[in-house]
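Student: Sending over input_14.csv (CSV, C-alpha atoms).
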```csv
chain,number,residue,atom,x,y,z
A,1,MET,CA,3.1,14.8,15.4
A,2,LEU,CA,2.9,11.1,16.3
A,3,PHE,CA,0.1,9.3,14.4
A,4,THR,CA,-2.0,7.5,17.0
A,5,HIS,CA,-5.4,7.5,15.3
A,6,ARG,CA,-7.4,4.3,15.6
A,7,ASN,CA,-10.2,3.7,13.2
A,8,PRO,CA,-13.4,1.8,14.1
A,9,GLU,CA,-12.9,-1.9,14.6
A,10,MET,CA,-13.1,-4.0,11.4
A,11,GLN,CA,-16.0,-6.4,11.7
A,12,LEU,CA,-15.8,-9.7,9.9
A,13,ASP,CA,-18.7,-11.0,7.8
A,14,LYS,CA,-18.1,-14.6,6.8
A,15,GLU,CA,-19.9,-14.4,3.5
A,16,ARG,CA,-17.9,-11.2,2.5
A,17,THR,CA,-14.5,-12.1,4.0
A,18,ALA,CA,-11.6,-13.9,2.5
A,19,LEU,CA,-8.2,-15.0,3.7
A,20,VAL,CA,-5.6,-13.8,1.2
A,21,VAL,CA,-2.1,-15.3,1.3
A,22,ALA,CA,0.9,-15.0,-1.0
A,23,ASP,CA,4.1,-16.9,-1.6
A,24,LEU,CA,3.3,-20.1,0.3
A,25,GLN,CA,6.0,-22.0,-1.6
A,26,ASN,CA,9.1,-24.0,-0.8
A,27,ASP,CA,11.6,-21.2,-1.9
A,28,PHE,CA,10.1,-19.1,0.9
A,29,LEU,CA,9.2,-21.6,3.6
A,30,SER,CA,11.6,-24.5,3.2
A,31,GLU,CA,15.1,-24.5,4.6
A,32,GLU,CA,16.4,-25.5,1.2
A,33,GLY,CA,14.6,-22.6,-0.5
A,34,SER,CA,16.4,-19.8,-2.3
A,35,TYR,CA,14.6,-17.0,-0.6
A,36,TYR,CA,14.5,-18.7,2.8
A,37,PRO,CA,17.9,-17.4,4.1
A,38,LEU,CA,16.7,-13.8,3.6
A,39,ILE,CA,13.8,-14.3,6.0
A,40,GLU,CA,14.9,-17.2,8.2
A,41,ASP,CA,15.5,-15.2,11.4
A,42,SER,CA,12.2,-13.4,11.0
A,43,LEU,CA,10.2,-16.6,10.2
A,44,LYS,CA,11.6,-18.1,13.4
A,45,ALA,CA,11.2,-15.0,15.6
A,46,HIS,CA,7.5,-14.6,14.7
A,47,GLY,CA,6.4,-18.2,14.2
A,48,THR,CA,5.3,-17.1,10.8
A,49,ALA,CA,4.9,-20.5,9.1
A,50,GLU,CA,3.0,-22.0,12.1
A,51,HIS,CA,0.7,-19.0,12.3
A,52,ILE,CA,0.0,-19.1,8.6
A,53,GLU,CA,-1.1,-22.7,8.9
A,54,GLN,CA,-3.3,-21.8,11.8
A,55,LEU,CA,-5.1,-19.3,9.6
A,56,LEU,CA,-5.5,-21.7,6.7
A,57,LYS,CA,-6.8,-24.4,9.1
A,58,CYS,CA,-9.3,-22.0,10.6
A,59,ALA,CA,-10.4,-20.8,7.2
A,60,GLN,CA,-10.9,-24.3,5.9
A,61,GLU,CA,-12.8,-25.5,9.0
A,62,ASN,CA,-15.1,-22.5,8.9
A,63,GLU,CA,-15.5,-22.3,5.2
A,64,PHE,CA,-14.0,-18.9,4.5
A,65,PHE,CA,-12.9,-18.1,1.0
A,66,VAL,CA,-9.1,-18.4,0.6
A,67,VAL,CA,-7.2,-16.9,-2.3
A,68,HIS,CA,-3.5,-17.7,-2.7
A,69,SER,CA,-1.2,-15.7,-5.0
A,70,PRO,CA,1.9,-17.7,-6.0
A,71,HIS,CA,5.1,-16.4,-7.5
A,72,TYR,CA,6.4,-18.2,-10.6
A,73,TYR,CA,8.9,-17.6,-13.3
A,74,TYR,CA,9.1,-19.4,-16.7
A,75,PRO,CA,12.0,-19.7,-19.0
A,76,THR,CA,10.6,-17.0,-21.3
A,77,ASP,CA,10.8,-14.5,-18.4
A,78,GLY,CA,14.6,-14.7,-19.0
A,79,GLN,CA,14.0,-12.7,-22.1
A,80,TRP,CA,13.3,-9.5,-20.1
A,81,VAL,CA,15.9,-6.8,-20.8
A,82,ALA,CA,14.6,-3.9,-18.7
A,83,PRO,CA,16.7,-3.5,-15.5
A,84,PRO,CA,14.9,-4.8,-12.4
A,85,GLY,CA,15.0,-3.5,-8.9
A,86,ALA,CA,17.4,-4.6,-6.2
A,87,ILE,CA,15.6,-7.7,-4.9
A,88,ALA,CA,14.6,-8.8,-8.4
A,89,ASP,CA,18.1,-8.4,-9.7
A,90,TYR,CA,19.4,-10.6,-6.8
A,91,LEU,CA,16.7,-13.2,-7.4
A,92,ALA,CA,17.5,-13.4,-11.1
A,93,GLY,CA,20.9,-14.9,-10.1
A,94,VAL,CA,19.4,-17.7,-7.9
A,95,ASP,CA,17.1,-20.6,-8.7
A,96,PHE,CA,14.0,-18.9,-7.6
A,97,VAL,CA,10.3,-20.2,-8.1
A,98,ARG,CA,11.1,-21.5,-11.5
A,99,ARG,CA,8.8,-23.6,-13.6
A,100,ALA,CA,9.4,-25.4,-16.9
A,101,ASP,CA,6.4,-23.9,-18.6
A,102,PRO,CA,3.0,-22.3,-17.9
A,103,VAL,CA,1.2,-25.5,-19.1
A,104,SER,CA,3.7,-28.1,-17.9
A,105,LEU,CA,4.3,-29.5,-14.4
A,106,GLU,CA,7.6,-31.1,-15.4
A,107,GLY,CA,10.0,-30.9,-12.5
A,108,PHE,CA,7.4,-29.0,-10.4
A,109,ALA,CA,6.8,-31.5,-7.6
A,110,GLY,CA,9.0,-30.7,-4.7
A,111,SER,CA,10.7,-27.8,-6.4
A,112,GLY,CA,11.1,-24.3,-5.0
A,113,ALA,CA,8.0,-23.2,-6.8
A,114,ASP,CA,5.9,-26.0,-5.3
A,115,TYR,CA,3.8,-25.7,-2.2
A,116,PRO,CA,5.2,-27.2,1.1
A,117,GLU,CA,3.7,-30.7,1.5
A,118,HIS,CA,2.0,-29.9,4.8
A,119,LEU,CA,0.1,-26.9,3.2
A,120,LYS,CA,-1.2,-28.8,0.2
A,121,LYS,CA,-4.2,-30.1,2.1
A,122,TYR,CA,-5.3,-26.4,2.4
A,123,LEU,CA,-4.0,-24.9,-0.9
A,124,MET,CA,-5.2,-27.8,-3.0
A,125,ASP,CA,-8.5,-28.7,-1.3
A,126,GLY,CA,-10.6,-27.8,-4.3
A,127,ARG,CA,-12.0,-24.7,-2.7
A,128,THR,CA,-8.9,-22.5,-2.4
A,129,ALA,CA,-8.3,-20.2,-5.4
A,130,ASN,CA,-4.7,-20.3,-6.5
A,131,THR,CA,-4.4,-17.3,-8.8
A,132,SER,CA,-2.2,-16.9,-11.9
A,133,PRO,CA,1.4,-15.9,-10.7
A,134,HIS,CA,2.5,-12.5,-9.7
A,135,LYS,CA,5.8,-11.7,-11.5
A,136,GLY,CA,7.1,-8.9,-9.3
A,137,MET,CA,5.7,-7.9,-6.0
A,138,SER,CA,2.2,-6.6,-6.8
A,139,SER,CA,-0.9,-8.5,-7.7
A,140,ASP,CA,-1.3,-6.1,-10.7
A,141,SER,CA,-0.1,-8.9,-13.0
A,142,ASN,CA,-2.5,-11.6,-11.8
A,143,ASP,CA,-6.2,-12.2,-11.2
A,144,LEU,CA,-6.4,-11.8,-7.4
A,145,ILE,CA,-8.7,-8.8,-7.4
A,146,LYS,CA,-11.0,-10.5,-9.9
A,147,GLN,CA,-11.1,-13.7,-7.8
A,148,LEU,CA,-12.2,-11.5,-4.8
A,149,ARG,CA,-14.7,-9.4,-6.8
A,150,LEU,CA,-16.5,-12.4,-8.3
A,151,ARG,CA,-16.9,-13.9,-4.8
A,152,ARG,CA,-18.4,-10.6,-3.7
A,153,VAL,CA,-15.7,-10.3,-1.1
A,154,GLU,CA,-15.4,-6.9,0.6
A,155,LYS,CA,-13.0,-7.7,3.5
A,156,VAL,CA,-9.7,-9.5,3.5
A,157,ILE,CA,-7.4,-11.0,6.1
A,158,MET,CA,-3.8,-11.1,4.8
A,159,ALA,CA,-0.7,-13.1,5.6
A,160,GLY,CA,2.5,-14.3,3.9
A,161,PRO,CA,6.3,-14.8,4.4
A,162,VAL,CA,7.4,-11.6,2.6
A,163,GLY,CA,5.5,-8.9,4.6
A,164,ASN,CA,7.4,-5.8,3.4
A,165,LEU,CA,7.5,-6.7,-0.4
A,166,CYS,CA,5.0,-9.0,-2.0
A,167,LEU,CA,2.4,-9.0,0.7
A,168,GLU,CA,2.6,-5.2,1.2
A,169,ALA,CA,2.3,-4.6,-2.5
A,170,HIS,CA,-0.7,-6.9,-2.7
A,171,MET,CA,-2.2,-5.1,0.3
A,172,ARG,CA,-1.8,-1.7,-1.5
A,173,ASP,CA,-3.5,-3.1,-4.6
A,174,ILE,CA,-6.4,-4.4,-2.5
A,175,PHE,CA,-6.6,-1.2,-0.6
A,176,GLU,CA,-6.8,0.9,-3.8
A,177,ALA,CA,-9.6,-1.5,-5.1
A,178,GLY,CA,-11.7,-0.5,-2.1
A,179,PHE,CA,-11.5,-3.5,0.2
A,180,GLU,CA,-11.2,-3.5,4.0
A,181,ILE,CA,-8.0,-5.1,5.2
A,182,ALA,CA,-6.7,-6.8,8.3
A,183,MET,CA,-3.0,-7.7,8.4
A,184,VAL,CA,-1.9,-10.5,10.7
A,185,ARG,CA,1.2,-9.2,12.3
A,186,ASP,CA,2.7,-12.5,13.4
A,187,ALA,CA,1.9,-14.4,10.2
A,188,VAL,CA,4.3,-12.3,8.2
A,189,SER,CA,8.1,-12.0,8.1
A,190,ALA,CA,10.7,-9.9,6.2
A,191,GLY,CA,14.4,-9.6,5.5
A,192,ARG,CA,16.9,-7.0,6.6
A,193,ASN,CA,19.4,-4.8,4.7
A,194,GLU,CA,21.8,-2.1,5.8
A,195,GLU,CA,19.0,0.4,6.1
A,196,GLY,CA,17.1,-1.6,8.7
A,197,ASP,CA,14.5,-4.3,9.4
A,198,GLY,CA,11.9,-4.9,6.7
A,199,TYR,CA,9.5,-6.4,9.3
A,200,GLN,CA,9.4,-3.1,11.2
A,201,ALA,CA,9.0,-1.2,8.0
A,202,ALA,CA,6.0,-3.4,7.1
A,203,MET,CA,4.4,-2.9,10.6
A,204,VAL,CA,4.8,0.9,10.2
A,205,ASN,CA,3.1,0.9,6.9
A,206,TYR,CA,0.4,-1.5,7.9
A,207,ARG,CA,-0.6,0.9,10.7
A,208,PHE,CA,-0.9,3.8,8.3
A,209,ILE,CA,-2.8,1.9,5.6
A,210,ALA,CA,-4.8,-1.2,6.9
A,211,ASN,CA,-8.1,-1.2,8.7
A,212,ALA,CA,-6.7,-3.5,11.4
A,213,VAL,CA,-3.5,-5.2,12.5
A,214,TRP,CA,-4.2,-8.3,14.5
A,215,THR,CA,-2.3,-11.3,15.9
A,216,THR,CA,-3.1,-14.8,14.7
A,217,GLU,CA,-4.8,-15.6,18.0
A,218,GLU,CA,-7.1,-12.6,17.7
A,219,THR,CA,-7.8,-13.2,14.0
A,220,VAL,CA,-8.7,-16.9,14.6
A,221,LYS,CA,-11.1,-15.9,17.4
A,222,ARG,CA,-12.7,-13.3,15.1
A,223,MET,CA,-13.1,-15.7,12.2
A,224,LYS,CA,-14.7,-18.4,14.5
A,225,ALA,CA,-17.1,-15.8,15.9
A,226,ALA,CA,-18.1,-14.6,12.4
A,227,ALA,CA,-18.6,-18.1,11.3
A,228,ALA,CA,-20.9,-18.9,14.3
A,229,ALA,CA,-22.9,-15.7,13.9
```
Kindly present the structure from the file in structure tokens form.

Tutor:
Amino acid sequence: MLFTHRNPEMQLDKERTALVVADLQNDFLSEEGSYYPLIEDSLKAHGTAEHIEQLLKCAQENEFFVVHSPHYYYPTDGQWVAPPGAIADYLAGVDFVRRADPVSLEGFAGSGADYPEHLKKYLMDGRTANTSPHKGMSSDSNDLIKQLRLRRVEKVIMAGPVGNLCLEAHMRDIFEAGFEIAMVRDAVSAGRNEEGDGYQAAMVNYRFIANAVWTTEETVKRMKAAAAA
């Protein structure tokens, strides 16, 4: 049996909707980033970075809530002794989203953990909520859900450069917490391995789980319409 079911269209309500993004950091989006080579082809193929900025711009101009979940590691995280999964084991061997300390910004500016300069006007605008870091893939270790709940958000639009890992794990957390979710299919990317394409894997799972899977163009139109209502 081929799953072809389409649920009723997700309707945006500006006061109850947030744009949720993850991993908008140099290590993912900069050509010098440690994660970038894993997703470079996918980023370029889907115009992911450009589409993410379009969503952030639309959210800022129309005053939607924006919540960003960054990925940081501190020196004390090197004390972990439990064996990690495959991608975590790989990333432990490269200089990935590292910070000197939770309360220090020493060496942070321009580092792989920092935000790309052209996105700072959105992520550091005084309105966007940058959560505590997620340490694996899920938002289970940070305050993302709390940030949404305390804003009385019920619906989220999601985008980010690692669509099949961090973003999908965040999506599953948000789904289990009872939110409606729209995934933006061309504002995500993913890597590949010998089993196949992580982007296609993400699309398959989004179709099974999310309330909607939209393009950036469609999402922006819906956000503007909701803001004007």

Student: Write out as a ChimeraX atom specification which residues come within 9 Å of range 136-146 of chain A when counting all atoms listed in the file, dropping same-chain ones fewer than 2 positions away.

Tutor: /A:20,67-69,71,88,129-134,148-151,165-174,177

Student: Which one is closest to Phe64 in chain A: A:Lys135, A:Arg185, A:Lys155, A:His46? Count all atoms listed in the file.

Tutor: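 Distance minimum relative to Phe64 in chain A lands on A:Lys155.
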
Student: So, with only C-alpha atoms as the atoms that count, which of A:Ile209, A:Met183, A:Val97, A:Ala229 lies closest to Pro75 in chain A?

Tutor: A:Val97

Student: Which residue, A:Asp125, A:Asp186, A:Glu50, A:Glu194, has the smallest gap to Thr215 in chain A when you use all atoms listed in the file?

Tutor: A:Asp186

Student: Take the point (-8.5, -19.1, 8.7) in the file's coordinates, draw a sphere of radius 10 Å around it, and report as a compact mmCIF listing (two decimals) with C-alpha atoms, keeping the file's coordinate frame every protein, DNA or RNA residue with an atom inside or on it, counting all atoms listed in the file.

Tutor:
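See part_31.txt below for the written result:
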```
# COMPACT_ATOMS: atom_id res chain seq x y z
CA ALA A 18 -11.60 -13.90 2.50
CA LEU A 19 -8.20 -15.00 3.70
CA VAL A 20 -5.60 -13.80 1.20
CA HIS A 51 0.70 -19.00 12.30
CA ILE A 52 0.00 -19.10 8.60
CA GLU A 53 -1.10 -22.70 8.90
CA GLN A 54 -3.30 -21.80 11.80
CA LEU A 55 -5.10 -19.30 9.60
CA LEU A 56 -5.50 -21.70 6.70
CA LYS A 57 -6.80 -24.40 9.10
CA CYS A 58 -9.30 -22.00 10.60
CA ALA A 59 -10.40 -20.80 7.20
CA GLN A 60 -10.90 -24.30 5.90
CA GLU A 61 -12.80 -25.50 9.00
CA ASN A 62 -15.10 -22.50 8.90
CA GLU A 63 -15.50 -22.30 5.20
CA PHE A 64 -14.00 -18.90 4.50
CA PHE A 65 -12.90 -18.10 1.00
CA VAL A 66 -9.10 -18.40 0.60
CA ILE A 157 -7.40 -11.00 6.10
CA THR A 216 -3.10 -14.80 14.70
CA THR A 219 -7.80 -13.20 14.00
CA VAL A 220 -8.70 -16.90 14.60
CA LYS A 221 -11.10 -15.90 17.40
CA ARG A 222 -12.70 -13.30 15.10
CA MET A 223 -13.10 -15.70 12.20
CA LYS A 224 -14.70 -18.40 14.50
```

Student: State, in Å with one decimal place, the distance from CA of Val153 in chain A to CA of Leu12 in chain A.

Tutor: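 Going from CA of Val153 in chain A over to CA of Leu12 in chain A, I get 11.0 Å.
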
Student: Kindly extract all protein, DNA and RNA residues lying within 12 Å of the coordinates (2.3, -31.5, -0.2) given in the file, considering only C-alpha atoms, and supply them as a PDB file with C-alpha atoms, in the frame of the given file.

Tutor:
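The new file result_27.pdb reads:
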```
ATOM      1  CA  LEU A  24       3.300 -20.100   0.300  1.00  0.00           C
ATOM      2  CA  GLN A  25       6.000 -22.000  -1.600  1.00  0.00           C
ATOM      3  CA  ASN A  26       9.100 -24.000  -0.800  1.00  0.00           C
ATOM      4  CA  PHE A 108       7.400 -29.000 -10.400  1.00  0.00           C
ATOM      5  CA  ALA A 109       6.800 -31.500  -7.600  1.00  0.00           C
ATOM      6  CA  GLY A 110       9.000 -30.700  -4.700  1.00  0.00           C
ATOM      7  CA  SER A 111      10.700 -27.800  -6.400  1.00  0.00           C
ATOM      8  CA  ASP A 114       5.900 -26.000  -5.300  1.00  0.00           C
ATOM      9  CA  TYR A 115       3.800 -25.700  -2.200  1.00  0.00           C
ATOM     10  CA  PRO A 116       5.200 -27.200   1.100  1.00  0.00           C
ATOM     11  CA  GLU A 117       3.700 -30.700   1.500  1.00  0.00           C
ATOM     12  CA  HIS A 118       2.000 -29.900   4.800  1.00  0.00           C
ATOM     13  CA  LEU A 119       0.100 -26.900   3.200  1.00  0.00           C
ATOM     14  CA  LYS A 120      -1.200 -28.800   0.200  1.00  0.00           C
ATOM     15  CA  LYS A 121      -4.200 -30.100   2.100  1.00  0.00           C
ATOM     16  CA  TYR A 122      -5.300 -26.400   2.400  1.00  0.00           C
ATOM     17  CA  LEU A 123      -4.000 -24.900  -0.900  1.00  0.00           C
ATOM     18  CA  MET A 124      -5.200 -27.800  -3.000  1.00  0.00           C
ATOM     19  CA  ASP A 125      -8.500 -28.700  -1.300  1.00  0.00           C
TER      20      ASP A 125
END
```

Student: What does the distance between CA of Gln79 in chain A and CA of Leu38 in chain A come to in Å, to one decimal place?

Tutor: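 Between CA of Gln79 in chain A and CA of Leu38 in chain A the gap works out to 25.9 Å.
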